[in-house]
$ cat model18.cif   # mmCIF, N, CA and C atoms and all ligand atoms
data_data
#
loop_
_atom_site.label_atom_id
_atom_site.label_comp_id
_atom_site.auth_asym_id
_atom_site.auth_seq_id
_atom_site.Cartn_x
_atom_site.Cartn_y
_atom_site.Cartn_z
N MET T 145 7.50 2.79 13.70
CA MET T 145 6.43 2.10 12.98
C MET T 145 6.31 2.64 11.55
N ILE T 146 6.20 1.76 10.60
CA ILE T 146 6.01 2.19 9.21
C ILE T 146 4.51 2.17 8.94
N LYS T 147 4.04 3.29 8.40
CA LYS T 147 2.60 3.39 8.19
C LYS T 147 2.24 3.08 6.73
N VAL T 148 1.35 2.12 6.55
CA VAL T 148 0.86 1.80 5.20
C VAL T 148 -0.61 2.18 5.14
N GLU T 149 -0.94 3.03 4.19
CA GLU T 149 -2.34 3.40 3.99
C GLU T 149 -2.80 2.79 2.67
N ILE T 150 -3.91 2.11 2.72
CA ILE T 150 -4.45 1.47 1.52
C ILE T 150 -5.77 2.15 1.19
N CYS T 151 -5.86 2.62 -0.04
CA CYS T 151 -7.09 3.30 -0.43
C CYS T 151 -8.22 2.28 -0.59
N THR T 152 -9.31 2.55 0.06
CA THR T 152 -10.46 1.65 -0.05
C THR T 152 -11.62 2.34 -0.76
N GLY T 153 -11.30 3.43 -1.48
CA GLY T 153 -12.32 4.08 -2.31
C GLY T 153 -12.76 3.12 -3.42
N THR T 154 -13.86 3.43 -4.06
CA THR T 154 -14.44 2.48 -5.01
C THR T 154 -13.49 2.09 -6.14
N THR T 155 -12.85 3.08 -6.78
CA THR T 155 -11.98 2.77 -7.92
C THR T 155 -10.85 1.86 -7.49
N CYS T 156 -10.17 2.23 -6.44
CA CYS T 156 -9.04 1.42 -5.97
C CYS T 156 -9.50 0.05 -5.51
N PHE T 157 -10.63 0.02 -4.83
CA PHE T 157 -11.12 -1.26 -4.30
C PHE T 157 -11.34 -2.25 -5.43
N VAL T 158 -12.01 -1.79 -6.51
CA VAL T 158 -12.29 -2.73 -7.61
C VAL T 158 -11.05 -3.02 -8.45
N MET T 159 -10.07 -2.12 -8.42
CA MET T 159 -8.86 -2.33 -9.22
C MET T 159 -7.80 -3.16 -8.48
N GLY T 160 -8.13 -3.67 -7.34
CA GLY T 160 -7.16 -4.54 -6.64
C GLY T 160 -6.95 -4.18 -5.18
N GLY T 161 -7.56 -3.09 -4.75
CA GLY T 161 -7.40 -2.68 -3.36
C GLY T 161 -7.95 -3.72 -2.39
N ALA T 162 -8.97 -4.44 -2.83
CA ALA T 162 -9.57 -5.44 -1.96
C ALA T 162 -8.53 -6.51 -1.60
N GLU T 163 -7.77 -6.91 -2.61
CA GLU T 163 -6.73 -7.91 -2.37
C GLU T 163 -5.62 -7.34 -1.47
N LEU T 164 -5.33 -6.06 -1.68
CA LEU T 164 -4.28 -5.40 -0.90
C LEU T 164 -4.56 -5.40 0.60
N LEU T 165 -5.84 -5.43 0.92
CA LEU T 165 -6.20 -5.42 2.34
C LEU T 165 -5.76 -6.72 3.04
N MET T 166 -5.36 -7.71 2.24
CA MET T 166 -4.84 -8.95 2.82
C MET T 166 -3.34 -8.82 3.14
N LEU T 167 -2.80 -7.64 2.90
CA LEU T 167 -1.36 -7.42 3.09
C LEU T 167 -0.89 -7.91 4.45
N GLU T 168 -1.66 -7.60 5.47
CA GLU T 168 -1.23 -7.93 6.83
C GLU T 168 -0.86 -9.41 6.97
N GLU T 169 -1.70 -10.27 6.35
CA GLU T 169 -1.45 -11.71 6.46
C GLU T 169 -0.24 -12.13 5.63
N SER T 170 0.15 -11.30 4.68
CA SER T 170 1.23 -11.66 3.76
C SER T 170 2.59 -11.11 4.19
N LEU T 171 2.60 -10.30 5.24
CA LEU T 171 3.87 -9.69 5.63
C LEU T 171 4.85 -10.73 6.15
N PRO T 172 6.11 -10.63 5.71
CA PRO T 172 7.11 -11.50 6.29
C PRO T 172 7.23 -11.22 7.79
N GLU T 173 7.61 -12.21 8.54
CA GLU T 173 7.70 -12.07 10.00
C GLU T 173 8.56 -10.88 10.42
N SER T 174 9.62 -10.65 9.65
CA SER T 174 10.54 -9.57 10.00
C SER T 174 9.88 -8.19 9.91
N LEU T 175 8.79 -8.09 9.17
CA LEU T 175 8.13 -6.79 9.01
C LEU T 175 6.85 -6.69 9.84
N ALA T 176 6.28 -7.83 10.18
CA ALA T 176 4.94 -7.84 10.74
C ALA T 176 4.74 -6.89 11.93
N ASP T 177 5.70 -6.83 12.84
CA ASP T 177 5.50 -5.96 14.01
C ASP T 177 6.05 -4.56 13.82
N ARG T 178 6.46 -4.23 12.60
CA ARG T 178 7.00 -2.89 12.34
C ARG T 178 6.07 -2.07 11.46
N VAL T 179 4.97 -2.68 11.05
CA VAL T 179 4.10 -2.04 10.06
C VAL T 179 2.70 -1.87 10.61
N GLU T 180 2.18 -0.68 10.39
CA GLU T 180 0.80 -0.40 10.79
C GLU T 180 -0.01 -0.17 9.51
N ILE T 181 -1.07 -0.94 9.33
CA ILE T 181 -1.85 -0.86 8.09
C ILE T 181 -3.20 -0.22 8.36
N GLN T 182 -3.54 0.72 7.52
CA GLN T 182 -4.80 1.44 7.67
C GLN T 182 -5.49 1.53 6.34
N GLY T 183 -6.80 1.44 6.31
CA GLY T 183 -7.54 1.75 5.10
C GLY T 183 -7.85 3.25 5.10
N THR T 184 -7.88 3.85 3.93
CA THR T 184 -8.27 5.26 3.87
C THR T 184 -9.40 5.40 2.84
N SER T 185 -10.13 6.46 2.96
CA SER T 185 -11.13 6.74 1.93
C SER T 185 -10.39 7.26 0.69
N CYS T 186 -11.11 7.47 -0.39
CA CYS T 186 -10.51 7.88 -1.67
C CYS T 186 -9.48 8.99 -1.46
N MET T 187 -8.28 8.76 -1.99
CA MET T 187 -7.18 9.74 -1.86
C MET T 187 -7.25 10.81 -2.96
N GLU T 188 -8.22 10.70 -3.82
CA GLU T 188 -8.45 11.66 -4.91
C GLU T 188 -7.50 11.47 -6.09
N HIS T 189 -6.54 10.56 -5.99
CA HIS T 189 -5.63 10.37 -7.13
C HIS T 189 -6.36 9.77 -8.32
N CYS T 190 -7.38 8.96 -8.05
CA CYS T 190 -8.11 8.31 -9.14
C CYS T 190 -8.82 9.35 -10.01
N LYS T 191 -9.04 10.53 -9.48
CA LYS T 191 -9.76 11.55 -10.24
C LYS T 191 -8.84 12.31 -11.17
N SER T 192 -7.58 12.41 -10.84
CA SER T 192 -6.67 13.21 -11.65
C SER T 192 -5.72 12.36 -12.48
N ASN T 193 -5.67 11.06 -12.23
CA ASN T 193 -4.74 10.19 -12.95
C ASN T 193 -5.52 9.10 -13.67
N PRO T 194 -4.88 8.49 -14.68
CA PRO T 194 -5.56 7.41 -15.39
C PRO T 194 -5.94 6.28 -14.43
N ALA T 195 -7.11 5.72 -14.66
CA ALA T 195 -7.60 4.67 -13.76
C ALA T 195 -6.64 3.49 -13.70
N GLY T 196 -5.86 3.31 -14.77
CA GLY T 196 -4.91 2.20 -14.80
C GLY T 196 -3.87 2.25 -13.71
N GLU T 197 -3.74 3.41 -13.05
CA GLU T 197 -2.74 3.53 -11.98
C GLU T 197 -3.28 3.09 -10.63
N ALA T 198 -4.58 2.86 -10.54
CA ALA T 198 -5.16 2.39 -9.28
C ALA T 198 -4.80 0.90 -9.12
N PRO T 199 -4.79 0.34 -7.96
CA PRO T 199 -5.09 1.01 -6.69
C PRO T 199 -3.86 1.77 -6.14
N TYR T 200 -4.17 2.71 -5.31
CA TYR T 200 -3.13 3.51 -4.68
C TYR T 200 -2.96 3.12 -3.22
N ALA T 201 -1.72 3.25 -2.79
CA ALA T 201 -1.43 3.08 -1.37
C ALA T 201 -0.34 4.10 -1.03
N ARG T 202 -0.14 4.34 0.23
CA ARG T 202 0.97 5.19 0.67
C ARG T 202 1.76 4.43 1.72
N VAL T 203 3.06 4.50 1.58
CA VAL T 203 3.95 3.89 2.57
C VAL T 203 4.76 5.02 3.18
N ASN T 204 4.56 5.28 4.46
CA ASN T 204 5.18 6.44 5.12
C ASN T 204 4.99 7.70 4.28
N GLY T 205 3.83 7.85 3.71
CA GLY T 205 3.51 9.07 2.96
C GLY T 205 3.89 9.01 1.49
N LYS T 206 4.69 8.02 1.09
CA LYS T 206 5.09 7.92 -0.32
C LYS T 206 4.01 7.19 -1.12
N LEU T 207 3.59 7.82 -2.20
CA LEU T 207 2.52 7.24 -3.01
C LEU T 207 3.03 6.04 -3.81
N ILE T 208 2.29 4.97 -3.74
CA ILE T 208 2.58 3.78 -4.55
C ILE T 208 1.42 3.62 -5.53
N LYS T 209 1.75 3.67 -6.83
CA LYS T 209 0.71 3.47 -7.84
C LYS T 209 0.63 2.00 -8.17
N GLN T 210 -0.50 1.58 -8.70
CA GLN T 210 -0.70 0.16 -9.03
C GLN T 210 -0.19 -0.70 -7.89
N ALA T 211 -0.61 -0.31 -6.70
CA ALA T 211 -0.12 -1.00 -5.51
C ALA T 211 -0.55 -2.46 -5.50
N SER T 212 0.37 -3.29 -5.11
CA SER T 212 0.07 -4.72 -4.95
C SER T 212 0.77 -5.15 -3.67
N ILE T 213 0.39 -6.32 -3.19
CA ILE T 213 1.07 -6.83 -2.01
C ILE T 213 2.57 -6.88 -2.29
N HIS T 214 2.90 -7.31 -3.49
CA HIS T 214 4.32 -7.44 -3.84
C HIS T 214 5.05 -6.10 -3.81
N ASN T 215 4.51 -5.07 -4.48
CA ASN T 215 5.31 -3.84 -4.52
C ASN T 215 5.26 -3.04 -3.21
N VAL T 216 4.23 -3.25 -2.41
CA VAL T 216 4.24 -2.61 -1.09
C VAL T 216 5.29 -3.28 -0.20
N ILE T 217 5.38 -4.60 -0.27
CA ILE T 217 6.40 -5.29 0.54
C ILE T 217 7.81 -4.90 0.06
N THR T 218 7.97 -4.74 -1.25
CA THR T 218 9.26 -4.30 -1.78
C THR T 218 9.64 -2.94 -1.19
N GLU T 219 8.67 -2.02 -1.15
CA GLU T 219 8.94 -0.69 -0.59
C GLU T 219 9.25 -0.79 0.91
N LEU T 220 8.53 -1.64 1.61
CA LEU T 220 8.79 -1.82 3.05
C LEU T 220 10.21 -2.34 3.28
N LYS T 221 10.61 -3.26 2.44
CA LYS T 221 11.96 -3.82 2.59
C LYS T 221 13.02 -2.77 2.26
N ARG T 222 12.70 -1.91 1.30
CA ARG T 222 13.64 -0.83 0.96
C ARG T 222 13.82 0.08 2.18
N ILE T 223 12.70 0.41 2.82
CA ILE T 223 12.76 1.31 3.98
C ILE T 223 13.54 0.67 5.13
N THR T 224 13.30 -0.62 5.35
CA THR T 224 13.96 -1.27 6.48
C THR T 224 15.36 -1.75 6.14
N GLY T 225 15.75 -1.58 4.87
CA GLY T 225 17.10 -1.98 4.47
C GLY T 225 17.25 -3.48 4.28
N GLU T 226 16.13 -4.17 4.16
CA GLU T 226 16.20 -5.62 3.96
C GLU T 226 16.53 -5.97 2.52
N GLU T 227 16.40 -4.97 1.62
CA GLU T 227 16.66 -5.31 0.22
C GLU T 227 17.59 -4.29 -0.38
S1 LIG T 301 -10.55 5.42 -4.98
FE1 LIG T 301 -8.46 5.35 -4.48
S2 LIG T 301 -7.69 7.29 -5.00
FE2 LIG T 301 -9.81 7.36 -5.40
#
$ encode --input "model18.cif" --output "structure tokens"
Amino acid sequence: MIKVEICTGTTCFVMGGAELLMLEESLPESLADRVEIQGTSCMEHCKSNPAGEAPYARVNGKLIKQASIHNVITELKRITGEE
């Protein structure tokens, strides 16, 4: 199982994290049953990095800055070798 954590802290949420939570519905069929999506509280990255890098997500522990449905799916495909 590939673990996706989406930050739902305030900064990330307003910077696009809310949209990211729709990831599950956007997953291609080939990935849908291989991915586990979780919301997390603030990962603290927003405090040490420019706000422009939010929202943050982690895919199998790897930090994704400016996370979007598109770049999280790209990372998932990289992991599964689909791309
Ligand atoms: S709100 Fe997401 S890292 Fe702080």
$ closest_residue --input "model18.cif" --among "T:Ile208, T:Ile223, T:Ile213, T:Ala201" --to "Glu168 (chain T)" --atoms "only N, CA and C atoms"
T:Ile213
$ residues_near_ligand --input "model18.cif" --ligand "ligand LIG 301 (chain T)" --cutoff "6.5 Å" --atoms "all atoms listed in the file" --output "number ranges by chain"
T: 151-157, 185-191, 199-200
$ closest_residue --input "model18.cif" --among "T:Val158, T:Ile181, T:Leu175, T:Met145" --to "Thr218 (chain T)" --atoms "only C-alpha atoms"
T:Leu175
$ atom_distance --input "model18.cif" --atom1 "CA of Glu219 (chain T)" --atom2 "CA of Glu173 (chain T)"
15.6 Å
$ atom_distance --input "model18.cif" --atom1 "atom C of Met159 (chain T)" --atom2 "atom N of Ala198 (chain T)"
7.1 Å
$ closest_residue --input "model18.cif" --among "T:Gly183, T:Ala162, T:Arg202, T:Pro194" --to "Asn215 (chain T)" --atoms "only C-alpha atoms"
T:Arg202
$ decode --input "model18.cif" --residues "region 169-184 of chain T" --atoms "all heavy atoms" --output "short mmCIF file (atom, residue, chain, number, x, y, z; two decimals), in the first residue's frame"
data_model
loop_
_atom_site.label_atom_id
_atom_site.label_comp_id
_atom_site.auth_asym_id
_atom_site.auth_seq_id
_atom_site.Cartn_x
_atom_site.Cartn_y
_atom_site.Cartn_z
N GLU T 169 -11.05 10.66 -5.23
CA GLU T 169 -11.99 10.55 -6.35
C GLU T 169 -11.29 10.70 -7.70
O GLU T 169 -11.83 10.34 -8.73
CB GLU T 169 -13.08 11.63 -6.27
CG GLU T 169 -14.12 11.40 -5.18
CD GLU T 169 -13.72 12.02 -3.86
OE1 GLU T 169 -13.91 13.22 -3.69
OE2 GLU T 169 -13.20 11.28 -2.99
N SER T 170 -10.09 11.27 -7.68
CA SER T 170 -9.39 11.56 -8.93
C SER T 170 -8.38 10.48 -9.30
O SER T 170 -7.76 10.56 -10.36
CB SER T 170 -8.64 12.88 -8.81
OG SER T 170 -9.50 13.89 -8.37
N LEU T 171 -8.19 9.50 -8.42
CA LEU T 171 -7.17 8.49 -8.71
C LEU T 171 -7.57 7.64 -9.91
O LEU T 171 -8.71 7.20 -10.01
CB LEU T 171 -6.99 7.56 -7.51
CG LEU T 171 -6.25 8.11 -6.31
CD1 LEU T 171 -6.26 7.08 -5.19
CD2 LEU T 171 -4.83 8.51 -6.66
N PRO T 172 -6.61 7.39 -10.80
CA PRO T 172 -6.89 6.45 -11.88
C PRO T 172 -7.20 5.07 -11.29
O PRO T 172 -6.69 4.74 -10.21
CB PRO T 172 -5.59 6.41 -12.68
CG PRO T 172 -4.69 7.43 -12.10
CD PRO T 172 -5.26 7.93 -10.82
N GLU T 173 -7.99 4.31 -11.98
CA GLU T 173 -8.40 2.99 -11.48
C GLU T 173 -7.21 2.12 -11.10
O GLU T 173 -7.24 1.38 -10.11
CB GLU T 173 -9.21 2.29 -12.56
CG GLU T 173 -10.40 1.53 -12.03
CD GLU T 173 -11.28 1.06 -13.16
OE1 GLU T 173 -12.00 1.90 -13.74
OE2 GLU T 173 -11.22 -0.13 -13.46
N SER T 174 -6.14 2.24 -11.88
CA SER T 174 -4.96 1.41 -11.63
C SER T 174 -4.31 1.70 -10.29
O SER T 174 -3.57 0.89 -9.75
CB SER T 174 -3.95 1.61 -12.76
OG SER T 174 -3.62 2.99 -12.85
N LEU T 175 -4.57 2.88 -9.73
CA LEU T 175 -3.94 3.25 -8.46
C LEU T 175 -4.92 3.16 -7.29
O LEU T 175 -4.49 3.00 -6.14
CB LEU T 175 -3.43 4.70 -8.53
CG LEU T 175 -2.25 4.97 -9.45
CD1 LEU T 175 -1.99 6.47 -9.52
CD2 LEU T 175 -1.00 4.26 -8.97
N ALA T 176 -6.20 3.23 -7.59
CA ALA T 176 -7.20 3.40 -6.53
C ALA T 176 -7.07 2.40 -5.38
O ALA T 176 -7.15 2.79 -4.22
CB ALA T 176 -8.59 3.36 -7.13
N ASP T 177 -6.83 1.13 -5.68
CA ASP T 177 -6.77 0.16 -4.58
C ASP T 177 -5.37 -0.05 -4.05
O ASP T 177 -5.12 -0.94 -3.25
CB ASP T 177 -7.41 -1.17 -5.01
CG ASP T 177 -6.80 -1.70 -6.29
OD1 ASP T 177 -5.88 -1.05 -6.82
OD2 ASP T 177 -7.23 -2.78 -6.74
N ARG T 178 -4.43 0.78 -4.48
CA ARG T 178 -3.05 0.64 -4.00
C ARG T 178 -2.64 1.80 -3.10
O ARG T 178 -1.51 1.85 -2.63
CB ARG T 178 -2.08 0.59 -5.19
CG ARG T 178 -2.41 -0.54 -6.14
CD ARG T 178 -1.45 -0.58 -7.28
NE ARG T 178 -0.09 -0.86 -6.82
CZ ARG T 178 0.95 -0.96 -7.64
NH1 ARG T 178 0.79 -0.81 -8.93
NH2 ARG T 178 2.15 -1.20 -7.17
N VAL T 179 -3.56 2.74 -2.92
CA VAL T 179 -3.20 3.98 -2.23
C VAL T 179 -4.09 4.19 -1.01
O VAL T 179 -5.30 3.99 -1.07
CB VAL T 179 -3.36 5.18 -3.21
CG1 VAL T 179 -3.10 6.49 -2.50
CG2 VAL T 179 -2.43 5.02 -4.40
N GLU T 180 -3.44 4.55 0.07
CA GLU T 180 -4.18 4.86 1.29
C GLU T 180 -3.98 6.35 1.58
O GLU T 180 -2.85 6.82 1.65
CB GLU T 180 -3.57 4.01 2.41
CG GLU T 180 -4.20 4.15 3.75
CD GLU T 180 -3.38 3.41 4.80
OE1 GLU T 180 -2.93 2.27 4.53
OE2 GLU T 180 -3.17 4.00 5.86
N ILE T 181 -5.07 7.09 1.68
CA ILE T 181 -4.98 8.55 1.85
C ILE T 181 -5.39 8.93 3.27
O ILE T 181 -6.41 8.46 3.77
CB ILE T 181 -5.88 9.27 0.83
CG1 ILE T 181 -5.43 8.89 -0.59
CG2 ILE T 181 -5.83 10.78 1.02
CD1 ILE T 181 -6.37 9.35 -1.68
N GLN T 182 -4.58 9.76 3.87
CA GLN T 182 -4.84 10.20 5.24
C GLN T 182 -4.65 11.69 5.33
O GLN T 182 -3.75 12.22 4.71
CB GLN T 182 -3.74 9.62 6.16
CG GLN T 182 -4.05 8.30 6.76
CD GLN T 182 -2.86 7.80 7.56
OE1 GLN T 182 -1.89 8.53 7.80
NE2 GLN T 182 -2.93 6.56 7.97
N GLY T 183 -5.45 12.36 6.12
CA GLY T 183 -5.17 13.76 6.44
C GLY T 183 -4.27 13.80 7.67
O GLY T 183 -4.33 12.91 8.51
N THR T 184 -3.40 14.78 7.73
CA THR T 184 -2.58 14.93 8.93
C THR T 184 -2.72 16.36 9.44
O THR T 184 -3.05 17.26 8.68
CB THR T 184 -1.07 14.71 8.66
OG1 THR T 184 -0.59 15.83 7.92
CG2 THR T 184 -0.82 13.44 7.88
#
